[in-house]
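*Asks:* Following this line is coords_13.cif, made up of mmCIF, C-alpha atoms and all ligand atoms:
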data_final
#
loop_
_atom_site.group_PDB
_atom_site.id
_atom_site.type_symbol
_atom_site.label_atom_id
_atom_site.label_comp_id
_atom_site.auth_asym_id
_atom_site.auth_seq_id
_atom_site.Cartn_x
_atom_site.Cartn_y
_atom_site.Cartn_z
ATOM 1 C CA MET K 1 0.000 0.000 0.000
ATOM 2 C CA LEU K 2 1.330 3.413 -0.966
ATOM 3 C CA ARG K 3 0.888 5.915 1.857
ATOM 4 C CA LEU K 4 -0.277 9.321 0.599
ATOM 5 C CA GLY K 5 -0.439 12.392 2.830
ATOM 6 C CA PHE K 6 -2.029 15.786 2.185
ATOM 7 C CA VAL K 7 -0.987 18.932 4.067
ATOM 8 C CA GLY K 8 -3.774 21.453 3.404
ATOM 9 C CA THR K 9 -7.181 19.923 2.752
ATOM 10 C CA GLY K 10 -9.044 22.548 0.743
ATOM 11 C CA THR K 11 -10.975 22.741 -2.520
ATOM 12 C CA LEU K 12 -8.346 21.302 -4.846
ATOM 13 C CA VAL K 13 -7.144 18.534 -2.516
ATOM 14 C CA SER K 14 -10.713 17.396 -1.955
ATOM 15 C CA ALA K 15 -11.200 17.073 -5.746
ATOM 16 C CA VAL K 16 -7.896 15.181 -6.132
ATOM 17 C CA ILE K 17 -8.823 12.691 -3.387
ATOM 18 C CA ASP K 18 -12.239 12.116 -4.979
ATOM 19 C CA GLY K 19 -10.526 11.372 -8.306
ATOM 20 C CA LEU K 20 -7.861 9.133 -6.773
ATOM 21 C CA GLN K 21 -10.457 6.924 -5.107
ATOM 22 C CA ALA K 22 -11.612 5.600 -8.458
ATOM 23 C CA THR K 23 -8.132 4.710 -9.717
ATOM 24 C CA HIS K 24 -6.060 4.031 -6.588
ATOM 25 C CA GLY K 25 -8.635 3.613 -3.814
ATOM 26 C CA ASP K 26 -7.653 -0.028 -3.217
ATOM 27 C CA ARG K 27 -3.914 0.615 -3.549
ATOM 28 C CA CYS K 28 -3.288 3.498 -1.162
ATOM 29 C CA THR K 29 -3.991 4.847 2.287
ATOM 30 C CA ILE K 30 -4.524 8.587 2.677
ATOM 31 C CA LEU K 31 -3.752 10.878 5.615
ATOM 32 C CA VAL K 32 -5.200 14.390 5.518
ATOM 33 C CA SER K 33 -4.193 17.304 7.740
ATOM 34 C CA PRO K 34 -6.933 18.492 10.118
ATOM 35 C CA ARG K 35 -7.439 21.896 8.430
ATOM 36 C CA SER K 36 -9.955 22.623 6.825
ATOM 37 C CA GLN K 37 -11.936 20.907 9.584
ATOM 38 C CA GLU K 38 -15.202 20.430 7.676
ATOM 39 C CA THR K 39 -13.535 19.189 4.466
ATOM 40 C CA SER K 40 -11.087 16.856 6.204
ATOM 41 C CA GLN K 41 -13.845 15.368 8.377
ATOM 42 C CA ALA K 42 -16.084 14.884 5.346
ATOM 43 C CA LEU K 43 -13.323 13.097 3.380
ATOM 44 C CA ALA K 44 -12.564 10.774 6.302
ATOM 45 C CA ALA K 45 -16.274 10.007 6.691
ATOM 46 C CA ARG K 46 -16.734 9.373 2.939
ATOM 47 C CA TYR K 47 -13.769 7.044 2.318
ATOM 48 C CA ALA K 48 -12.612 4.075 4.417
ATOM 49 C CA ASN K 49 -8.963 4.590 3.382
ATOM 50 C CA VAL K 50 -8.865 8.286 4.416
ATOM 51 C CA THR K 51 -7.818 9.225 7.963
ATOM 52 C CA ARG K 52 -7.863 12.726 9.424
ATOM 53 C CA ALA K 53 -4.469 13.034 11.110
ATOM 54 C CA PRO K 54 -4.082 14.975 14.365
ATOM 55 C CA SER K 55 -1.505 17.329 12.816
ATOM 56 C CA SER K 56 0.433 18.133 9.640
ATOM 57 C CA ALA K 57 3.524 16.600 11.289
ATOM 58 C CA ALA K 58 1.641 13.298 11.659
ATOM 59 C CA VAL K 59 0.768 13.458 7.939
ATOM 60 C CA VAL K 60 4.417 13.863 6.948
ATOM 61 C CA GLU K 61 5.605 11.189 9.415
ATOM 62 C CA GLY K 62 3.145 8.629 8.070
ATOM 63 C CA SER K 63 3.464 9.175 4.288
ATOM 64 C CA ASP K 64 5.625 8.050 1.368
ATOM 65 C CA VAL K 65 4.271 10.802 -0.906
ATOM 66 C CA VAL K 66 3.350 14.165 0.634
ATOM 67 C CA PHE K 67 1.113 16.603 -1.267
ATOM 68 C CA LEU K 68 1.227 20.314 -0.497
ATOM 69 C CA GLY K 69 -2.283 21.764 -0.914
ATOM 70 C CA MET K 70 -2.088 25.107 0.877
ATOM 71 C CA ARG K 71 -2.124 28.503 -0.873
ATOM 72 C CA PRO K 72 1.238 29.877 -2.041
ATOM 73 C CA ASN K 73 1.433 32.506 0.706
ATOM 74 C CA GLN K 74 0.681 29.828 3.348
ATOM 75 C CA LEU K 75 3.622 27.593 2.353
ATOM 76 C CA ASP K 76 6.161 28.692 4.960
ATOM 77 C CA GLU K 77 3.786 28.683 7.920
ATOM 78 C CA ALA K 78 2.203 25.350 6.935
ATOM 79 C CA THR K 79 5.507 23.510 6.476
ATOM 80 C CA ALA K 80 7.553 25.031 9.318
ATOM 81 C CA GLY K 81 9.206 22.253 11.347
ATOM 82 C CA LEU K 82 7.580 19.357 9.454
ATOM 83 C CA PRO K 83 9.707 16.160 9.546
ATOM 84 C CA PHE K 84 10.367 15.593 5.824
ATOM 85 C CA ARG K 85 12.683 12.668 4.993
ATOM 86 C CA PRO K 86 15.118 11.946 2.133
ATOM 87 C CA ASP K 87 13.077 8.901 1.018
ATOM 88 C CA GLN K 88 9.948 11.010 0.433
ATOM 89 C CA THR K 89 8.418 12.397 -2.737
ATOM 90 C CA VAL K 90 6.772 15.797 -2.258
ATOM 91 C CA VAL K 91 4.136 16.947 -4.748
ATOM 92 C CA SER K 92 3.430 20.669 -4.817
ATOM 93 C CA PHE K 93 0.088 21.959 -6.123
ATOM 94 C CA LEU K 94 1.108 25.577 -5.418
ATOM 95 C CA ALA K 95 0.530 27.592 -8.594
ATOM 96 C CA GLY K 96 3.449 29.885 -9.365
ATOM 97 C CA VAL K 97 5.829 28.650 -6.672
ATOM 98 C CA PRO K 98 9.103 27.527 -8.309
ATOM 99 C CA HIS K 99 10.436 23.990 -7.935
ATOM 100 C CA ALA K 100 13.626 25.319 -6.322
ATOM 101 C CA ARG K 101 11.596 27.264 -3.749
ATOM 102 C CA VAL K 102 9.560 24.205 -2.744
ATOM 103 C CA SER K 103 12.669 21.962 -2.660
ATOM 104 C CA GLU K 104 14.413 24.365 -0.300
ATOM 105 C CA THR K 105 11.328 24.478 1.944
ATOM 106 C CA VAL K 106 10.838 20.694 2.249
ATOM 107 C CA ARG K 107 14.509 19.743 2.594
ATOM 108 C CA PRO K 108 15.690 16.928 2.979
ATOM 109 C CA ALA K 109 12.828 15.376 0.938
ATOM 110 C CA GLY K 110 14.429 13.509 -1.963
ATOM 111 C CA HIS K 111 12.082 14.181 -4.880
ATOM 112 C CA VAL K 112 9.963 17.277 -5.494
ATOM 113 C CA VAL K 113 7.415 17.390 -8.310
ATOM 114 C CA ARG K 114 5.131 20.251 -9.306
ATOM 115 C CA VAL K 115 1.655 19.184 -10.389
ATOM 116 C CA ASN K 116 -1.130 21.421 -11.653
ATOM 117 C CA PRO K 117 -4.440 19.547 -11.392
ATOM 118 C CA LEU K 118 -7.784 21.326 -11.822
ATOM 119 C CA PRO K 119 -11.123 20.745 -10.044
ATOM 120 C CA PRO K 120 -12.567 18.520 -12.867
ATOM 121 C CA ILE K 121 -10.040 15.922 -11.665
ATOM 122 C CA ARG K 122 -12.877 14.939 -9.319
ATOM 123 C CA LEU K 123 -14.576 13.464 -12.405
ATOM 124 C CA ARG K 124 -11.243 12.270 -13.843
ATOM 125 C CA LYS K 125 -11.413 14.933 -16.531
ATOM 126 C CA GLY K 126 -9.296 17.872 -17.596
ATOM 127 C CA PRO K 127 -5.540 18.420 -17.810
ATOM 128 C CA VAL K 128 -2.977 17.452 -15.189
ATOM 129 C CA VAL K 129 0.422 19.016 -15.790
ATOM 130 C CA ILE K 130 3.518 17.514 -14.151
ATOM 131 C CA TYR K 131 7.083 18.805 -13.885
ATOM 132 C CA PRO K 132 9.578 17.179 -13.837
ATOM 133 C CA ALA K 133 8.757 13.649 -15.030
ATOM 134 C CA ASN K 134 8.415 11.223 -12.115
ATOM 135 C CA PRO K 135 7.164 7.624 -12.458
ATOM 136 C CA ILE K 136 5.346 7.462 -9.088
ATOM 137 C CA VAL K 137 3.537 10.753 -9.666
ATOM 138 C CA GLU K 138 2.722 9.896 -13.285
ATOM 139 C CA ASP K 139 1.212 6.597 -12.131
ATOM 140 C CA LEU K 140 -0.894 8.377 -9.492
ATOM 141 C CA PHE K 141 -2.298 10.961 -11.899
ATOM 142 C CA GLY K 142 -2.289 8.796 -15.046
ATOM 143 C CA GLY K 143 -5.959 7.845 -14.926
ATOM 144 C CA LEU K 144 -7.233 11.199 -13.700
ATOM 145 C CA GLY K 145 -7.557 13.173 -16.935
ATOM 146 C CA ASP K 146 -5.212 14.289 -19.710
ATOM 147 C CA LEU K 147 -1.689 13.888 -18.350
ATOM 148 C CA ILE K 148 0.817 16.428 -19.692
ATOM 149 C CA VAL K 149 4.445 16.027 -18.607
ATOM 150 C CA ALA K 150 6.035 19.450 -19.136
ATOM 151 C CA SER K 151 9.536 19.467 -20.601
ATOM 152 C CA LYS K 152 10.404 22.813 -18.980
ATOM 153 C CA GLU K 153 9.322 24.483 -15.771
ATOM 154 C CA SER K 154 8.288 27.753 -17.429
ATOM 155 C CA ASP K 155 5.373 25.845 -19.045
ATOM 156 C CA LEU K 156 3.907 25.363 -15.579
ATOM 157 C CA ALA K 157 3.894 29.082 -14.883
ATOM 158 C CA ALA K 158 2.159 29.866 -18.176
ATOM 159 C CA ILE K 159 -0.324 27.037 -17.630
ATOM 160 C CA ALA K 160 -1.245 28.316 -14.171
ATOM 161 C CA HIS K 161 -2.062 31.689 -15.718
ATOM 162 C CA GLY K 162 -4.123 30.055 -18.461
ATOM 163 C CA SER K 163 -6.056 28.018 -15.914
ATOM 164 C CA ALA K 164 -6.952 31.228 -14.108
ATOM 165 C CA MET K 165 -9.661 31.721 -16.740
ATOM 166 C CA MET K 166 -11.711 28.866 -15.245
ATOM 167 C CA SER K 167 -13.967 31.007 -13.088
ATOM 168 C CA SER K 168 -14.459 33.457 -15.985
ATOM 169 C CA HIS K 169 -15.585 30.509 -18.106
ATOM 170 C CA TYR K 170 -18.404 29.844 -15.654
ATOM 171 C CA ALA K 171 -19.167 33.570 -15.454
ATOM 172 C CA LEU K 172 -19.607 33.482 -19.240
ATOM 173 C CA GLN K 173 -21.935 30.476 -19.006
ATOM 174 C CA ASN K 174 -23.941 32.193 -16.273
ATOM 175 C CA ALA K 175 -24.288 35.371 -18.347
ATOM 176 C CA ILE K 176 -25.866 33.313 -21.142
ATOM 177 C CA ILE K 177 -28.127 31.485 -18.685
ATOM 178 C CA ASP K 178 -29.273 34.802 -17.171
ATOM 179 C CA TRP K 179 -30.034 36.170 -20.623
ATOM 180 C CA LEU K 180 -32.119 33.096 -21.534
ATOM 181 C CA VAL K 181 -34.020 33.402 -18.256
ATOM 182 C CA SER K 182 -34.660 37.079 -19.077
ATOM 183 C CA ARG K 183 -36.387 35.743 -22.220
ATOM 184 C CA GLU K 184 -38.813 33.742 -20.038
ATOM 185 C CA MET K 185 -36.968 30.397 -20.204
ATOM 186 C CA ALA K 186 -37.230 28.250 -17.050
ATOM 187 C CA PRO K 187 -33.892 28.500 -15.126
ATOM 188 C CA ASP K 188 -33.455 24.698 -15.070
ATOM 189 C CA THR K 189 -33.915 24.408 -18.819
ATOM 190 C CA ALA K 190 -31.579 27.340 -19.489
ATOM 191 C CA THR K 191 -28.911 25.919 -17.162
ATOM 192 C CA HIS K 192 -29.135 22.408 -18.598
ATOM 193 C CA TYR K 193 -28.958 23.747 -22.151
ATOM 194 C CA VAL K 194 -25.942 26.019 -21.610
ATOM 195 C CA ARG K 195 -23.889 23.564 -19.537
ATOM 196 C CA SER K 196 -24.559 20.798 -22.067
ATOM 197 C CA MET K 197 -23.667 23.049 -25.022
ATOM 198 C CA PHE K 198 -20.275 23.964 -23.541
ATOM 199 C CA SER K 199 -19.635 20.336 -22.589
ATOM 200 C CA GLY K 200 -20.326 19.230 -26.181
ATOM 201 C CA LEU K 201 -18.126 21.988 -27.604
ATOM 202 C CA ALA K 202 -15.299 20.974 -25.278
ATOM 203 C CA ALA K 203 -15.586 17.355 -26.447
ATOM 204 C CA VAL K 204 -15.433 18.421 -30.098
ATOM 205 C CA GLY K 205 -12.362 20.572 -29.403
ATOM 206 C CA LEU K 206 -10.509 17.696 -27.715
ATOM 207 C CA ASP K 207 -11.506 15.273 -30.470
ATOM 208 C CA ALA K 208 -10.083 17.685 -33.068
ATOM 209 C CA PHE K 209 -6.857 17.920 -31.077
ATOM 210 C CA ALA K 210 -6.591 14.114 -30.925
ATOM 211 C CA LYS K 211 -6.925 14.022 -34.716
ATOM 212 C CA GLY K 212 -4.346 16.786 -35.163
ATOM 213 C CA GLU K 213 -6.967 19.199 -36.524
ATOM 214 C CA ALA K 214 -7.290 22.905 -35.725
ATOM 215 C CA VAL K 215 -10.567 24.367 -34.479
ATOM 216 C CA ASP K 216 -11.464 27.270 -36.760
ATOM 217 C CA PRO K 217 -14.337 29.293 -35.293
ATOM 218 C CA ALA K 218 -15.465 30.082 -38.849
ATOM 219 C CA HIS K 219 -16.207 26.367 -39.322
ATOM 220 C CA HIS K 220 -18.550 26.427 -36.340
ATOM 221 C CA GLU K 221 -20.978 29.041 -37.594
ATOM 222 C CA THR K 222 -23.516 29.352 -40.386
ATOM 223 C CA LYS K 223 -22.481 31.827 -43.099
ATOM 224 C CA GLY K 224 -24.488 34.985 -42.497
ATOM 225 C CA GLY K 225 -26.053 33.365 -39.416
ATOM 226 C CA LEU K 226 -26.335 33.962 -35.695
ATOM 227 C CA ASN K 227 -22.908 32.776 -34.515
ATOM 228 C CA GLU K 228 -21.179 34.830 -37.179
ATOM 229 C CA ARG K 229 -23.145 37.920 -36.126
ATOM 230 C CA GLY K 230 -22.254 37.452 -32.473
ATOM 231 C CA ARG K 231 -18.558 36.767 -33.112
ATOM 232 C CA ARG K 232 -18.288 39.798 -35.443
ATOM 233 C CA TYR K 233 -19.765 42.022 -32.733
ATOM 234 C CA LEU K 234 -17.384 40.698 -30.071
ATOM 235 C CA THR K 235 -14.412 41.070 -32.437
ATOM 236 C CA GLU K 236 -15.391 44.663 -33.302
ATOM 237 C CA ILE K 237 -15.552 45.730 -29.652
ATOM 238 C CA GLY K 238 -12.155 44.086 -28.958
ATOM 239 C CA TRP K 239 -13.566 41.426 -26.655
ATOM 240 C CA PHE K 240 -11.085 38.737 -27.728
ATOM 241 C CA ASP K 241 -8.150 41.155 -27.382
ATOM 242 C CA GLU K 242 -9.325 41.782 -23.826
ATOM 243 C CA VAL K 243 -8.871 38.078 -23.053
ATOM 244 C CA GLY K 244 -5.155 38.451 -23.814
ATOM 245 C CA ARG K 245 -5.045 41.546 -21.629
ATOM 246 C CA ALA K 246 -6.807 39.674 -18.791
ATOM 247 C CA LEU K 247 -4.076 37.010 -19.014
ATOM 248 C CA ASP K 248 -1.448 39.764 -18.759
ATOM 249 C CA VAL K 249 -3.194 41.005 -15.601
ATOM 250 C CA ILE K 250 -3.282 37.461 -14.180
ATOM 251 C CA GLU K 251 0.421 37.020 -14.971
ATOM 252 C CA ALA K 252 1.261 40.222 -13.126
ATOM 253 C CA HIS K 253 -0.732 39.101 -10.063
ATOM 254 C CA VAL K 254 2.112 37.266 -8.374
ATOM 255 C CA LEU K 255 0.918 34.847 -5.714
ATOM 256 C CA THR K 256 4.295 33.223 -5.309
ATOM 257 C CA ALA K 257 5.453 32.710 -1.751
ATOM 258 C CA ARG K 258 7.898 35.370 -0.607
ATOM 259 C CA PRO K 259 11.541 34.266 -0.486
ATOM 260 C CA LYS K 260 12.938 33.516 2.934
ATOM 261 C CA SER K 261 14.852 36.476 4.351
HETATM 262 N N1 LIG K 301 -8.408 25.646 -6.768
HETATM 263 C C1 LIG K 301 -7.868 25.350 -7.973
HETATM 264 O O1 LIG K 301 -8.574 25.186 -8.982
HETATM 265 C C2 LIG K 301 -6.387 25.181 -8.132
HETATM 266 C C3 LIG K 301 -5.529 25.422 -7.070
HETATM 267 N N2 LIG K 301 -4.183 25.252 -7.222
HETATM 268 C C4 LIG K 301 -3.306 25.476 -6.081
HETATM 269 O O2 LIG K 301 -3.723 24.602 -5.036
HETATM 270 C C5 LIG K 301 -3.515 25.213 -3.785
HETATM 271 C C6 LIG K 301 -4.788 25.145 -2.953
HETATM 272 O O3 LIG K 301 -5.807 25.892 -3.588
HETATM 273 P P1 LIG K 301 -7.302 25.783 -3.066
HETATM 274 O O4 LIG K 301 -7.628 24.369 -2.766
HETATM 275 O O5 LIG K 301 -8.128 26.525 -4.035
HETATM 276 O O6 LIG K 301 -7.182 26.613 -1.702
HETATM 277 P P2 LIG K 301 -7.964 26.413 -0.317
HETATM 278 O O7 LIG K 301 -7.890 27.726 0.357
HETATM 279 O O8 LIG K 301 -9.307 25.799 -0.556
HETATM 280 O O9 LIG K 301 -7.074 25.339 0.468
HETATM 281 C C7 LIG K 301 -5.963 25.679 1.251
HETATM 282 C C8 LIG K 301 -5.864 24.667 2.365
HETATM 283 O O10 LIG K 301 -4.661 24.879 3.095
HETATM 284 C C9 LIG K 301 -4.996 24.853 4.494
HETATM 285 N N3 LIG K 301 -4.019 25.578 5.283
HETATM 286 C C10 LIG K 301 -3.782 26.903 5.314
HETATM 287 N N4 LIG K 301 -2.804 27.194 6.193
HETATM 288 C C11 LIG K 301 -2.435 26.007 6.738
HETATM 289 C C12 LIG K 301 -1.475 25.650 7.727
HETATM 290 N N5 LIG K 301 -0.692 26.551 8.335
HETATM 291 N N6 LIG K 301 -1.367 24.338 8.038
HETATM 292 C C13 LIG K 301 -2.135 23.410 7.442
HETATM 293 N N7 LIG K 301 -3.053 23.693 6.508
HETATM 294 C C14 LIG K 301 -3.196 24.978 6.154
HETATM 295 C C15 LIG K 301 -6.371 25.488 4.539
HETATM 296 O O11 LIG K 301 -7.002 25.253 5.786
HETATM 297 P P3 LIG K 301 -8.088 26.319 6.380
HETATM 298 O O12 LIG K 301 -9.304 26.219 5.496
HETATM 299 O O13 LIG K 301 -8.328 25.836 7.767
HETATM 300 O O14 LIG K 301 -7.442 27.678 6.303
HETATM 301 C C16 LIG K 301 -7.010 24.741 3.383
HETATM 302 O O15 LIG K 301 -7.377 23.443 3.757
HETATM 303 C C17 LIG K 301 -3.038 26.636 -4.061
HETATM 304 O O16 LIG K 301 -1.651 26.700 -3.850
HETATM 305 C C18 LIG K 301 -3.368 26.885 -5.524
HETATM 306 O O17 LIG K 301 -2.400 27.704 -6.157
HETATM 307 C C19 LIG K 301 -3.641 24.818 -8.407
HETATM 308 C C20 LIG K 301 -4.441 24.568 -9.476
HETATM 309 C C21 LIG K 301 -5.876 24.754 -9.440
HETATM 310 O O1 LIG K 302 -7.158 30.605 -8.883
HETATM 311 C C1 LIG K 302 -6.046 30.178 -8.541
HETATM 312 O O2 LIG K 302 -5.203 30.908 -7.979
HETATM 313 C C2 LIG K 302 -5.687 28.736 -8.796
HETATM 314 C C3 LIG K 302 -4.368 28.583 -9.458
HETATM 315 C C4 LIG K 302 -4.658 28.190 -10.865
HETATM 316 C C5 LIG K 302 -6.032 27.874 -10.865
HETATM 317 N N1 LIG K 302 -6.593 28.127 -9.725
#
Please re-express this file's structure in structure tokens.

*Replies:*
Amino acid sequence: MLRLGFVGTGTLVSAVIDGLQATHGDRCTILVSPRSQETSQALAARYANVTRAPSSAAVVEGSDVVFLGMRPNQLDEATAGLPFRPDQTVVSFLAGVPHARVSETVRPAGHVVRVNPLPPIRLRKGPVVIYPANPIVEDLFGGLGDLIVASKESDLAAIAHGSAMMSSHYALQNAIIDWLVSREMAPDTATHYVRSMFSGLAAVGLDAFAKGEAVDPAHHETKGGLNERGRRYLTEIGWFDEVGRALDVIEAHVLTARPKS
């Protein structure tokens, strides 16, 4: 049995543990740190192989692979004095925190790997980016979505910024739902329709990628039709250029843990 331990038991860690149950539930035991109380208690109640440890130190003591699931600016406080060992692999979920920074913080842990999972991992969907390559970590995340092993660390930084459009994606869906409801559509129908439409579009996009095909927006609209009219309007007002500018803003919003003085 592989012993997995999670320090920080928030939104992302909860989704990762849900996903792991389906692929590794019978091959691993899981220790979670006691914060967040409600989430860690719920995970321990839901899964027989999950135990809520009395402290983060107990998580590190009892694990072969330790996952860091706190926010970047919580790294130092959450790991201070934890008994990492040379035989351990440490997986950092912290977006924007360099490999070297994590390695220094969890010394003398032998292997440090950065992983960028996203909440759909709960359903074993979406991308999981890993850097550097590591067989144990690749095995753990292999069945949990589209595994991407980055060849250089800078890809992870760019990817974290790209993934920061997730909440805006749902804001876009909700804006469409609200508009449909304003046209007297029942909220349930509007919600089902919009969520299903985006799900179908996502599947088509991934299928095209698998076949090595590009997705040209012009091929997904009727000539002179409704999609074309909407896209022309958004192009004219610079809406798509604003997406690039939003990514610049995200990139400038540095969440990286402060260097030790
Ligand atoms: N959410 C996402 O979609 C993604 C998140 N990430 C990264 O994952 C990490 C977690 O994000 P997210 O789950 O959203 O954040 P959350 O705020 O939900 O989770 C943070 C967790 O860390 C715990 N924590 C904070 N301080 C300590 C401490 N001193 N000791 C022990 N535990 C502590 C919190 O406990 P408490 O609630 O008690 O404060 C909480 O359980 C971040 O670094 C983020 O960059 C990466 C990719 C996607
Ligand atoms: O919103 C965030 O900060 C995290 C990191 C990347 C995706 N979610």

*Asks:* Considering only C-alpha atoms, state which residue in the set K:Ala202, K:Val128, K:Ala160, K:Ile148 is at the smallest distance from Val215 of chain K.

*Replies:* K:Ala202

*Asks:* Identify all residues satisfying the PyMOL selection byres (((chain K and resi 119) around 10) and not hetatm) in the given file; provide them as a list in words.

*Replies:* Thr11, Leu12, Val13, Ser14, Ala15, Val16, Gly19, Pro117, Leu118, Pro120, Ile121, Arg122, Leu123, Arg124, Lys125, Gly126, Pro127 and Met166 of chain K

*Asks:* At most 9 Å is the cut-off: for each residue in chain K with any atom that close to an atom of ligand LIG 301 (chain K), write down the nearest atom pair and the distance in Å rounded to one decimal, counting only C-alpha atoms and all ligand atoms, chain first then increasing number, as JSON lines.

*Replies:*
{"residue": "K:Val7", "atom": "CA", "partner": "K:LIG301", "partner_atom": "C13", "distance": 5.7}
{"residue": "K:Gly8", "atom": "CA", "partner": "K:LIG301", "partner_atom": "O10", "distance": 3.6}
{"residue": "K:Thr9", "atom": "CA", "partner": "K:LIG301", "partner_atom": "O15", "distance": 3.7}
{"residue": "K:Gly10", "atom": "CA", "partner": "K:LIG301", "partner_atom": "O9", "distance": 3.4}
{"residue": "K:Thr11", "atom": "CA", "partner": "K:LIG301", "partner_atom": "O4", "distance": 3.7}
{"residue": "K:Leu12", "atom": "CA", "partner": "K:LIG301", "partner_atom": "O4", "distance": 3.8}
{"residue": "K:Val13", "atom": "CA", "partner": "K:LIG301", "partner_atom": "O4", "distance": 5.9}
{"residue": "K:Ser14", "atom": "CA", "partner": "K:LIG301", "partner_atom": "O4", "distance": 7.7}
{"residue": "K:Ala15", "atom": "CA", "partner": "K:LIG301", "partner_atom": "O4", "distance": 8.7}
{"residue": "K:Ser33", "atom": "CA", "partner": "K:LIG301", "partner_atom": "C13", "distance": 6.5}
{"residue": "K:Pro34", "atom": "CA", "partner": "K:LIG301", "partner_atom": "C13", "distance": 7.4}
{"residue": "K:Arg35", "atom": "CA", "partner": "K:LIG301", "partner_atom": "O13", "distance": 4.1}
{"residue": "K:Ser36", "atom": "CA", "partner": "K:LIG301", "partner_atom": "O13", "distance": 3.7}
{"residue": "K:Gln37", "atom": "CA", "partner": "K:LIG301", "partner_atom": "O13", "distance": 6.4}
{"residue": "K:Glu38", "atom": "CA", "partner": "K:LIG301", "partner_atom": "O12", "distance": 8.5}
{"residue": "K:Thr39", "atom": "CA", "partner": "K:LIG301", "partner_atom": "O15", "distance": 7.5}
{"residue": "K:Ser40", "atom": "CA", "partner": "K:LIG301", "partner_atom": "O15", "distance": 7.9}
{"residue": "K:Ser55", "atom": "CA", "partner": "K:LIG301", "partner_atom": "C13", "distance": 8.1}
{"residue": "K:Ser56", "atom": "CA", "partner": "K:LIG301", "partner_atom": "C13", "distance": 6.3}
{"residue": "K:Leu68", "atom": "CA", "partner": "K:LIG301", "partner_atom": "C5", "distance": 7.6}
{"residue": "K:Gly69", "atom": "CA", "partner": "K:LIG301", "partner_atom": "C5", "distance": 4.7}
{"residue": "K:Met70", "atom": "CA", "partner": "K:LIG301", "partner_atom": "O10", "distance": 3.4}
{"residue": "K:Arg71", "atom": "CA", "partner": "K:LIG301", "partner_atom": "O16", "distance": 3.5}
{"residue": "K:Pro72", "atom": "CA", "partner": "K:LIG301", "partner_atom": "O16", "distance": 4.7}
{"residue": "K:Asn73", "atom": "CA", "partner": "K:LIG301", "partner_atom": "O16", "distance": 8.0}
{"residue": "K:Gln74", "atom": "CA", "partner": "K:LIG301", "partner_atom": "N4", "distance": 5.2}
{"residue": "K:Leu75", "atom": "CA", "partner": "K:LIG301", "partner_atom": "N5", "distance": 7.4}
{"residue": "K:Asp76", "atom": "CA", "partner": "K:LIG301", "partner_atom": "N5", "distance": 7.9}
{"residue": "K:Glu77", "atom": "CA", "partner": "K:LIG301", "partner_atom": "N5", "distance": 5.0}
{"residue": "K:Ala78", "atom": "CA", "partner": "K:LIG301", "partner_atom": "N5", "distance": 3.4}
{"residue": "K:Thr79", "atom": "CA", "partner": "K:LIG301", "partner_atom": "N6", "distance": 7.1}
{"residue": "K:Ala80", "atom": "CA", "partner": "K:LIG301", "partner_atom": "N5", "distance": 8.4}
{"residue": "K:Ser92", "atom": "CA", "partner": "K:LIG301", "partner_atom": "O16", "distance": 7.9}
{"residue": "K:Phe93", "atom": "CA", "partner": "K:LIG301", "partner_atom": "O2", "distance": 4.8}
{"residue": "K:Leu94", "atom": "CA", "partner": "K:LIG301", "partner_atom": "O16", "distance": 3.4}
{"residue": "K:Ala95", "atom": "CA", "partner": "K:LIG301", "partner_atom": "O17", "distance": 3.8}
{"residue": "K:Gly96", "atom": "CA", "partner": "K:LIG301", "partner_atom": "O17", "distance": 7.0}
{"residue": "K:Val97", "atom": "CA", "partner": "K:LIG301", "partner_atom": "O16", "distance": 8.2}
{"residue": "K:Val115", "atom": "CA", "partner": "K:LIG301", "partner_atom": "C19", "distance": 8.0}
{"residue": "K:Asn116", "atom": "CA", "partner": "K:LIG301", "partner_atom": "C20", "distance": 5.1}
{"residue": "K:Pro117", "atom": "CA", "partner": "K:LIG301", "partner_atom": "C20", "distance": 5.4}
{"residue": "K:Leu118", "atom": "CA", "partner": "K:LIG301", "partner_atom": "C21", "distance": 4.6}
{"residue": "K:Pro119", "atom": "CA", "partner": "K:LIG301", "partner_atom": "O1", "distance": 5.2}
{"residue": "K:Pro120", "atom": "CA", "partner": "K:LIG301", "partner_atom": "O1", "distance": 8.7}
{"residue": "K:Ala160", "atom": "CA", "partner": "K:LIG301", "partner_atom": "C20", "distance": 6.8}
{"residue": "K:Ser163", "atom": "CA", "partner": "K:LIG301", "partner_atom": "C21", "distance": 7.3}
{"residue": "K:Ala164", "atom": "CA", "partner": "K:LIG301", "partner_atom": "C21", "distance": 8.1}
{"residue": "K:Met166", "atom": "CA", "partner": "K:LIG301", "partner_atom": "O1", "distance": 7.9}
{"residue": "K:Ser167", "atom": "CA", "partner": "K:LIG301", "partner_atom": "O1", "distance": 8.9}
{"residue": "K:Leu255", "atom": "CA", "partner": "K:LIG301", "partner_atom": "O17", "distance": 7.9}
{"residue": "K:Thr256", "atom": "CA", "partner": "K:LIG301", "partner_atom": "O17", "distance": 8.7}

*Asks:* Assuming 6 Å of padding per side, give the centre and edge lengths of the axis-aligned box around every listed atom of ligand LIG 302 (chain K), in Å to one decimal and as AutoDock Vina command-line options.

*Replies:*
--center_x -5.8 --center_y 29.4 --center_z -9.4 --size_x 14.8 --size_y 15.0 --size_z 14.9

*Asks:* Residues within 7 Å of Leu2 of chain K, please, as a list of chain:residue names. Count all atoms listed in the file; anything in the same chain fewer than 3 positions from it doesn't count.

*Replies:*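 Everything that qualifies: K:Arg27, K:Cys28, K:Thr29, K:Asp64.
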
*Asks:* Take the residues just selected and output them with C-alpha atoms as a CSV table (one decimal), in the coordinates of the input.

*Replies:*
chain,number,residue,atom,x,y,z
K,27,ARG,CA,-3.9,0.6,-3.5
K,28,CYS,CA,-3.3,3.5,-1.2
K,29,THR,CA,-4.0,4.8,2.3
K,64,ASP,CA,5.6,8.0,1.4
